[in-house]
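Enquirer: Here it is, the structure in full.
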Amino acid sequence: MLHLTNIQKTYPHFHIHVPELHVLKGEFLALLGSSGSGKSTLLRIIAGLLTPEQGTLVLDHQTLTHIKPEKRDIAMAFQQPLLFPHLNVIENISFGLKMKRRKKKERLQQATSYLELVGLEGYETRMPHQLSGGEQQRVSLARAMIMKPRLLLMDEPFSSVDPNIRSELQELTLRLHAEHHMTTIFVTHDHDEAFQMADRIGIMQAGKLLQVDTAHQLYQAPLSVDVARFLGQKNIWQGFIQAGKFISDFITFDRVEHPTGKGHLIAPPSGFQLLKPTNQKSEHEMEGTIAKISVQKGSYRILVRVHAAQIETTVPFDPHITWTPNEPVLLRYQADHFTWLPDPLA
Amino acid sequence: MFKSHKSWALLQLFLFIIILFPFIMMLLFSFFTGWSWPHLFPQTLNVSAWSYLFSGNAGVQEAITNSLVIAFSATAVNLLLALPAAHALAQHTFAGKKIVEALLFAPLIIPPFVAMMGLQITLIQWNLTDTRLGVTIAHLVPTFPYLLRPLYTSFTTLASEWNAQARLLGASRLQRFWYVSLPHLMPGILAGVMLSLLVSFSQYLITLLIGGGAIKTLPLILFPYITSGDLRMGATFSILFTAVTLSILFIVEWCLKRFYKHRHTVPM
Amino acid sequence: MWQNSKPYLFLLPAITMIFVLFVMGLGEGISQSLGVYSSTDKLHFAYYVQLWSDPNTWSSLKFTFKIAFLSTLSSGILGLILSVVLLRTSDQTPLLFKTLQLPLLLPHFIGAYFIVLLCMQSGFLARIAYLLGFISDPSQFPILVNDHWGLGIILTYIWKETPFIAWMLYPVLKRIQNTWWDAARLSGANRFQYMREIVLPLVFPTWLTSCFIVFAFTFSAFEIPYLLGVSYPQALPVLSYELFTSGDWEKRSLALALSLSIAFITGILGFFTYILGKRIRTQKGVGW
């Protein structure tokens, strides 16, 4: 179990502040953020390559904050494979064991089995420059895992690899994680990668850890507007709720079951249904016009202009129904799909 | 490394002293006499060495002039030779490239004085010995590789894409050179020029062989003082030499940097 | 067609200069050493034979080799250590960093002056020795410069070449550090293991090449042995110079034969370094 408390570090252009982070044993945690969000910096602090100005790091009840990286029993796979160019594959993999002064026979044995684990049997005596990028990353992974570290850190290890190789490596990583249950922290800027691979995802932005939760919880119960925006929610409006009605400058919704107060309403596309106009208009329906239609995989993304707002909806392909821009439509909503984020009490 | 912060500080101090100590001694010696045994440092303030230096008898003016003229002329000529050469080597592949490279850098491996010994007869026939021009020509050889190398490196990092981009934006050949290539090459040119000047300032044997002792440069008037063990004059001339060398280097760097004040050079 | 001949055209001025001044110079030296101006009308190797049957030449060769070897070995090791120090101090004390560049700017003979100042029998070190009570008279201090052994020469070369090697190695060390230090640490290596397992093997090719450069230079350099040497044994370049300026035409041809022998030796060394560099690079992996 890894516990981070009040980690802070200041740089000329940004400031990292993580009040707390707990990583469970055997968990696969992704740190997701755009470049400059501080996720790699946080990882390096955990690794010991950087020292925080404040805060503590505790791993399995041992305080690591000021211990050197080589003594932390933590392994790391970097964005670049960083294989030692003068050593062959087996020597690279067994390097960590050599540093622990294990005997040569044992090193060779272990290294060979980990080589097989990453699917590179037969590559023992090859030199790094003879390997492709993906192969090098596999070796890098084996080099990290052979140490049987208490914590495995991965810093965007697949971002410099071809996309088709990337999914192979992702699968490999997940398989290894399932087999060995190594506690892993995986940094990435790729939403899909994070959501596919991780048990929980930590969202980082501008040096702050916004939320750490399962994918489901992040979508259903974002803790802040920033998280919602980060995850790609477009239907976010600031306003207030009064007597079950949400009122904003852009749009109003009825039957919103949340206590009175100011805040933000987040309405995922799943809460909307697009209908052709009929004569009747029921309570939870609004009139609008189609502003824009774009095609995604297997569905349409349709922006509907309602009142002063543009609402993003998703409509599955249907051979019987066509939609055209500027067409008047009826938008039915289900308020219980919406999330309400009240403003924090001052 | 294995040491604590304190021992690193001590080590740095030690190195600092080792490097600077000779200079301090040199200064002391040129300004003080009375280094009689067993005093650690010379005792009496005496600037007679310096007054001799500037008296006009020592041939200092002639020597400085010769050193400067020869160094700058040789460097200027070599710059004209090296710029196109570096361009060709960096941007093109062609048959015999390795041989050409070996040839142009050969003076780094095979001592130039060998060639000068052989060339002397010819230079005598061309009436170039015992002349400043002859010495300048002779200085071209040792200095050329030192000028070529940084230029070569600079040119290899000059991506032809920038040039292509500039062309598409309508820049003429001259404009491209001035605005795109030159700022990028400036650090390399600077480095090469300074090395070339340095090497020329420091030449002794070649100047002696071709100049015949008639063309006096700074090293030529300095050497006798070192061999004779005249520490005071040796110190004084060494300081002079160091001062001239360092000031020229600073001035060259300052001039070129100022010239490019408005433009930024690209770090290599 | 124009495109194809462009590089040759650009190279023509430089090649011409090198050819006329350097290659022709060597050529003329060769022909003179083969007796082109001698009384016989055929070229002959007599001068070379005479030169290399003289035991004096051989002792000069041994002497020169010894100086070059010891200077290279010492500055190679010290330079490596210094470059590691540079790596540490570059971010901590930039002033020291700049100061350590100073010997690079100054010619060898300034270094010779320093060594003389320091090491002669009435020099600074001798006076310290007196202060510490080791000696009571200058003549008791060992002869360190202008000595038969060549120590003064070696010390001067060490003064100048140690920073040179340090500065040649520094960029490589920095690159190694920036690239593999983190990966090594997170594989459990401490600084010492990192140095031994990663840095030294990776810096070795550059170190070797730099050492060869220093060796070739110290072997063929004239100035320092001239300043700090004695009349016997003389370094080969000094011997050549003495012969050349003796005024005797025969001796002059011998001088050229000797100079060309020196050039031949350094040429072989250069070639050998090049081959070695290539072999090491292909063995250890390319382009890191």
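Each chain in the structure tokens gets a letter, A, B and so on, in the order shown; residues start at 1 in every chain, and ligands are counted from 1 in the order they appear.
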What's the 10 Å shell around Leu119 (chain B), counting only C-alpha atoms, without same-chain residues fewer than 6 positions away, as number ranges by chain?

Expert: B: 113, 138, 210; C: 20-29

Enquirer: Quick check for you: according to DSSP on this backbone, which residues of region 14-212 of chain A are classed as alpha helix (DSSP H)? Reply as an MDAnalysis selection string.

Expert: chainID A and resid 39:47 89:93 95:99 104:117 133:145 163:180 191:197

Enquirer: Can you tell me, as a PyMOL selection string, what residues are no more than 6 Å from Val47 (chain B) when counting only C-alpha atoms, ignoring any on the same chain fewer than 2 positions away?

Expert: chain B and resi 31+49-50

Enquirer: Dump all heavy atoms for the selected residues as an mmCIF file, in the first residue's frame?

Expert:
data_model
loop_
_atom_site.group_PDB
_atom_site.id
_atom_site.type_symbol
_atom_site.label_atom_id
_atom_site.label_comp_id
_atom_site.auth_asym_id
_atom_site.auth_seq_id
_atom_site.Cartn_x
_atom_site.Cartn_y
_atom_site.Cartn_z
ATOM 1 N N PHE B 31 55.804 41.386 -11.063
ATOM 2 C CA PHE B 31 55.786 42.672 -10.376
ATOM 3 C C PHE B 31 56.737 42.758 -9.189
ATOM 4 O O PHE B 31 56.915 43.816 -8.606
ATOM 5 C CB PHE B 31 54.361 42.992 -9.890
ATOM 6 C CG PHE B 31 53.451 43.408 -10.995
ATOM 7 C CD1 PHE B 31 52.520 42.534 -11.511
ATOM 8 C CD2 PHE B 31 53.544 44.683 -11.537
ATOM 9 C CE1 PHE B 31 51.685 42.920 -12.541
ATOM 10 C CE2 PHE B 31 52.710 45.075 -12.569
ATOM 11 C CZ PHE B 31 51.779 44.188 -13.071
ATOM 12 N N ALA B 49 60.529 45.128 -15.062
ATOM 13 C CA ALA B 49 60.247 44.196 -16.156
ATOM 14 C C ALA B 49 59.226 44.787 -17.097
ATOM 15 O O ALA B 49 59.344 44.699 -18.323
ATOM 16 C CB ALA B 49 59.743 42.873 -15.592
ATOM 17 N N TRP B 50 58.226 45.397 -16.507
ATOM 18 C CA TRP B 50 57.179 45.982 -17.339
ATOM 19 C C TRP B 50 57.658 47.206 -18.100
ATOM 20 O O TRP B 50 57.270 47.426 -19.248
ATOM 21 C CB TRP B 50 55.956 46.329 -16.488
ATOM 22 C CG TRP B 50 55.234 45.092 -16.079
ATOM 23 C CD1 TRP B 50 55.365 44.417 -14.906
ATOM 24 C CD2 TRP B 50 54.309 44.349 -16.872
ATOM 25 N NE1 TRP B 50 54.577 43.302 -14.907
ATOM 26 C CE2 TRP B 50 53.908 43.236 -16.106
ATOM 27 C CE3 TRP B 50 53.778 44.517 -18.157
ATOM 28 C CZ2 TRP B 50 53.006 42.297 -16.567
ATOM 29 C CZ3 TRP B 50 52.867 43.576 -18.620
ATOM 30 C CH2 TRP B 50 52.498 42.488 -17.835
#

Enquirer: Near Leu100 (chain C), counting only C-alpha atoms, which residues have an atom at most 12 Å away, once you skip same-chain residues fewer than 3 positions from it, shown as a ChimeraX atom specification?

Expert: /B:12-20 /C:79,82-83,85-86,89-90,93-97,103-106,159-167

Enquirer: By how many Å are CA of Ala309 (chain A) and CA of Trp237 (chain A) apart?

Expert: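 According to the coordinates, CA of Ala309 (chain A) and CA of Trp237 (chain A) are separated by 8.9 Å.
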
Enquirer: Select residues of chain A: the criterion is any atom within 6 Å of an atom of chain C, counting only C-alpha atoms; output as a list in words.

Expert: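 Contact residues on the first chain: Glu70, Ala75, His86, Gly96, Met99 and His129 of chain A.
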
Enquirer: Using only C-alpha atoms, pick whichever of B:Val252, B:Leu128, B:Ile64, B:Met194 has the shortest atom-to-atom distance to chain C.

Expert: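 Closest to chain C of all the choices is B:Met194.
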
Enquirer: Check the smallest atom-to-atom distance from each of A:Asn92, A:Gln170, A:Thr65, A:Thr260 to Asp343 (chain A) using only C-alpha atoms, then report the winner.

Expert: A:Thr260

Enquirer: At a cut-off of 8 Å, using only C-alpha atoms, what residues contact Leu51 (chain C)? Leave out same-chain residues fewer than 5 positions from it and give the result as a list in words.

Expert: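 So, after excluding close chain neighbours, the residues are Thr57, Leu254, Ala257 and Leu258 of chain C.
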
Enquirer: Kindly export the residues of the current selection with N, CA and C atoms, as an mmCIF file, in the first residue's frame.

Expert:
data_model
loop_
_atom_site.group_PDB
_atom_site.id
_atom_site.type_symbol
_atom_site.label_atom_id
_atom_site.label_comp_id
_atom_site.auth_asym_id
_atom_site.auth_seq_id
_atom_site.Cartn_x
_atom_site.Cartn_y
_atom_site.Cartn_z
ATOM 1 N N THR C 57 69.491 7.891 -32.577
ATOM 2 C CA THR C 57 68.095 7.991 -33.022
ATOM 3 C C THR C 57 67.191 7.092 -32.202
ATOM 4 N N LEU C 254 68.863 14.305 -43.572
ATOM 5 C CA LEU C 254 68.574 13.407 -42.457
ATOM 6 C C LEU C 254 67.389 13.933 -41.645
ATOM 7 N N ALA C 257 64.301 13.084 -43.343
ATOM 8 C CA ALA C 257 64.001 11.656 -43.176
ATOM 9 C C ALA C 257 63.405 11.415 -41.804
ATOM 10 N N LEU C 258 63.967 12.065 -40.793
ATOM 11 C CA LEU C 258 63.459 11.879 -39.440
ATOM 12 C C LEU C 258 62.035 12.434 -39.312
#

Enquirer: Within 7 Å of region 192-209 of chain A, counting only C-alpha atoms, which residues show up once you throw out same-chain ones fewer than 2 positions away? Write them as number ranges by chain, please.

Expert: A: 14-18, 27-33, 36-39, 174, 188, 190, 211-215

Enquirer: Using only C-alpha atoms, tabulate the residues of chain C lying at most 6 Å from any atom of chain B, each with its closest atom pair and that distance in Å to one decimal, by chain and increasing residue number, as JSON lines.

Expert:
{"residue": "C:Pro7", "atom": "CA", "partner": "B:Ala88", "partner_atom": "CA", "distance": 4.7}
{"residue": "C:Phe10", "atom": "CA", "partner": "B:Pro84", "partner_atom": "CA", "distance": 4.9}
{"residue": "C:Leu11", "atom": "CA", "partner": "B:Ala85", "partner_atom": "CA", "distance": 4.6}
{"residue": "C:Pro13", "atom": "CA", "partner": "B:Leu81", "partner_atom": "CA", "distance": 5.7}
{"residue": "C:Ala14", "atom": "CA", "partner": "B:Leu81", "partner_atom": "CA", "distance": 4.9}
{"residue": "C:Phe22", "atom": "CA", "partner": "B:Ala115", "partner_atom": "CA", "distance": 5.4}
{"residue": "C:Gly25", "atom": "CA", "partner": "B:Leu119", "partner_atom": "CA", "distance": 4.2}
{"residue": "C:Leu26", "atom": "CA", "partner": "B:Ala115", "partner_atom": "CA", "distance": 4.5}
{"residue": "C:Glu28", "atom": "CA", "partner": "B:Gly118", "partner_atom": "CA", "distance": 5.1}
{"residue": "C:Gly29", "atom": "CA", "partner": "B:Gly118", "partner_atom": "CA", "distance": 3.8}
{"residue": "C:Pro107", "atom": "CA", "partner": "B:Ser202", "partner_atom": "CA", "distance": 5.6}
{"residue": "C:Phe114", "atom": "CA", "partner": "B:Pro22", "partner_atom": "CA", "distance": 5.8}
{"residue": "C:Arg127", "atom": "CA", "partner": "B:Pro38", "partner_atom": "CA", "distance": 5.7}
{"residue": "C:Leu227", "atom": "CA", "partner": "B:Thr227", "partner_atom": "CA", "distance": 5.5}
{"residue": "C:Ser259", "atom": "CA", "partner": "B:Val114", "partner_atom": "CA", "distance": 5.5}
{"residue": "C:Ala263", "atom": "CA", "partner": "B:Ile110", "partner_atom": "CA", "distance": 5.2}
{"residue": "C:Gly267", "atom": "CA", "partner": "B:Ile110", "partner_atom": "CA", "distance": 6.0}

Enquirer: With N, CA and C atoms retained, could you export that selection as a CSV table (one decimal), in the first residue's frame?

Expert:
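See part13.csv below for the written result:
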chain,number,residue,atom,x,y,z
C,7,PRO,N,29.4,19.8,-54.8
C,7,PRO,CA,30.2,19.6,-53.6
C,7,PRO,C,31.7,19.7,-54.0
C,10,PHE,N,32.7,23.3,-54.2
C,10,PHE,CA,32.8,23.9,-52.9
C,10,PHE,C,34.1,23.5,-52.2
C,11,LEU,N,34.5,22.3,-52.4
C,11,LEU,CA,35.6,21.8,-51.7
C,11,LEU,C,37.0,22.2,-52.4
C,13,PRO,N,38.6,25.0,-53.2
C,13,PRO,CA,39.6,26.0,-52.6
C,13,PRO,C,40.3,25.3,-51.4
C,14,ALA,N,39.5,24.7,-50.5
C,14,ALA,CA,40.2,24.1,-49.4
C,14,ALA,C,41.1,23.0,-49.7
C,22,PHE,N,50.4,21.5,-47.8
C,22,PHE,CA,50.6,20.3,-47.0
C,22,PHE,C,51.1,19.1,-47.7
C,25,GLY,N,54.2,19.8,-49.6
C,25,GLY,CA,55.3,20.0,-48.6
C,25,GLY,C,55.8,18.6,-48.2
C,26,LEU,N,54.8,17.7,-47.9
C,26,LEU,CA,55.2,16.3,-47.5
C,26,LEU,C,56.0,15.7,-48.7
C,28,GLU,N,57.6,17.1,-51.1
C,28,GLU,CA,59.0,17.6,-51.3
C,28,GLU,C,59.9,17.1,-50.2
C,29,GLY,N,59.3,17.0,-49.0
C,29,GLY,CA,60.1,16.4,-47.9
C,29,GLY,C,60.6,15.0,-48.2
C,107,PRO,N,48.6,28.3,-24.5
C,107,PRO,CA,49.5,27.3,-25.2
C,107,PRO,C,50.4,26.5,-24.2
C,114,PHE,N,55.0,27.6,-16.0
C,114,PHE,CA,54.5,27.3,-14.7
C,114,PHE,C,55.2,26.1,-14.1
C,127,ARG,N,61.0,25.5,-2.2
C,127,ARG,CA,61.0,26.3,-1.0
C,127,ARG,C,60.0,25.8,0.0
C,227,LEU,N,62.0,23.3,-25.0
C,227,LEU,CA,62.1,24.3,-23.8
C,227,LEU,C,62.7,23.6,-22.6
C,259,SER,N,61.8,13.6,-39.8
C,259,SER,CA,60.5,14.2,-39.7
C,259,SER,C,59.5,13.4,-40.4
C,263,ALA,N,56.2,11.6,-39.0
C,263,ALA,CA,54.9,11.7,-39.6
C,263,ALA,C,54.3,10.3,-39.9
C,267,GLY,N,50.9,9.0,-38.5
C,267,GLY,CA,49.9,8.6,-39.5
C,267,GLY,C,49.4,7.2,-39.2

Enquirer: Set the distance at 12 Å and use only C-alpha atoms: which residues neighbour Glu124 (chain A) once local chain neighbours fewer than 3 positions away are removed? I'd like the list as a PyMOL selection string.

Expert: chain A and resi 87-94+108-109+111-116+119-121+127-128+130-131+139

Enquirer: For the structure I just gave you, how does DSSP split region 15-258 of chain A - specifically, which residues are strand (DSSP E or B)? Reply as a ChimeraX atom specification.

Expert: /A:15-23,28-32,54-59,62-63,74-77,151-155,184-188,200-205,208-213,236-242,245-248,252-253

Enquirer: CA of Leu330 (chain A) and CA of Lys276 (chain A) are how many Å apart?

Expert: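 Going from CA of Leu330 (chain A) over to CA of Lys276 (chain A) covers 5.8 Å.
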
Enquirer: Between C:Tyr226, C:Phe219, C:Tyr47, C:Phe272, which is the closest to Leu61 (chain C) once you count only C-alpha atoms?

Expert: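 Nearest to Leu61 (chain C): C:Phe219.
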
Enquirer: So how far away is CA of Leu97 (chain A) from CA of Gly122 (chain A), in Å?

Expert: 20.5 Å
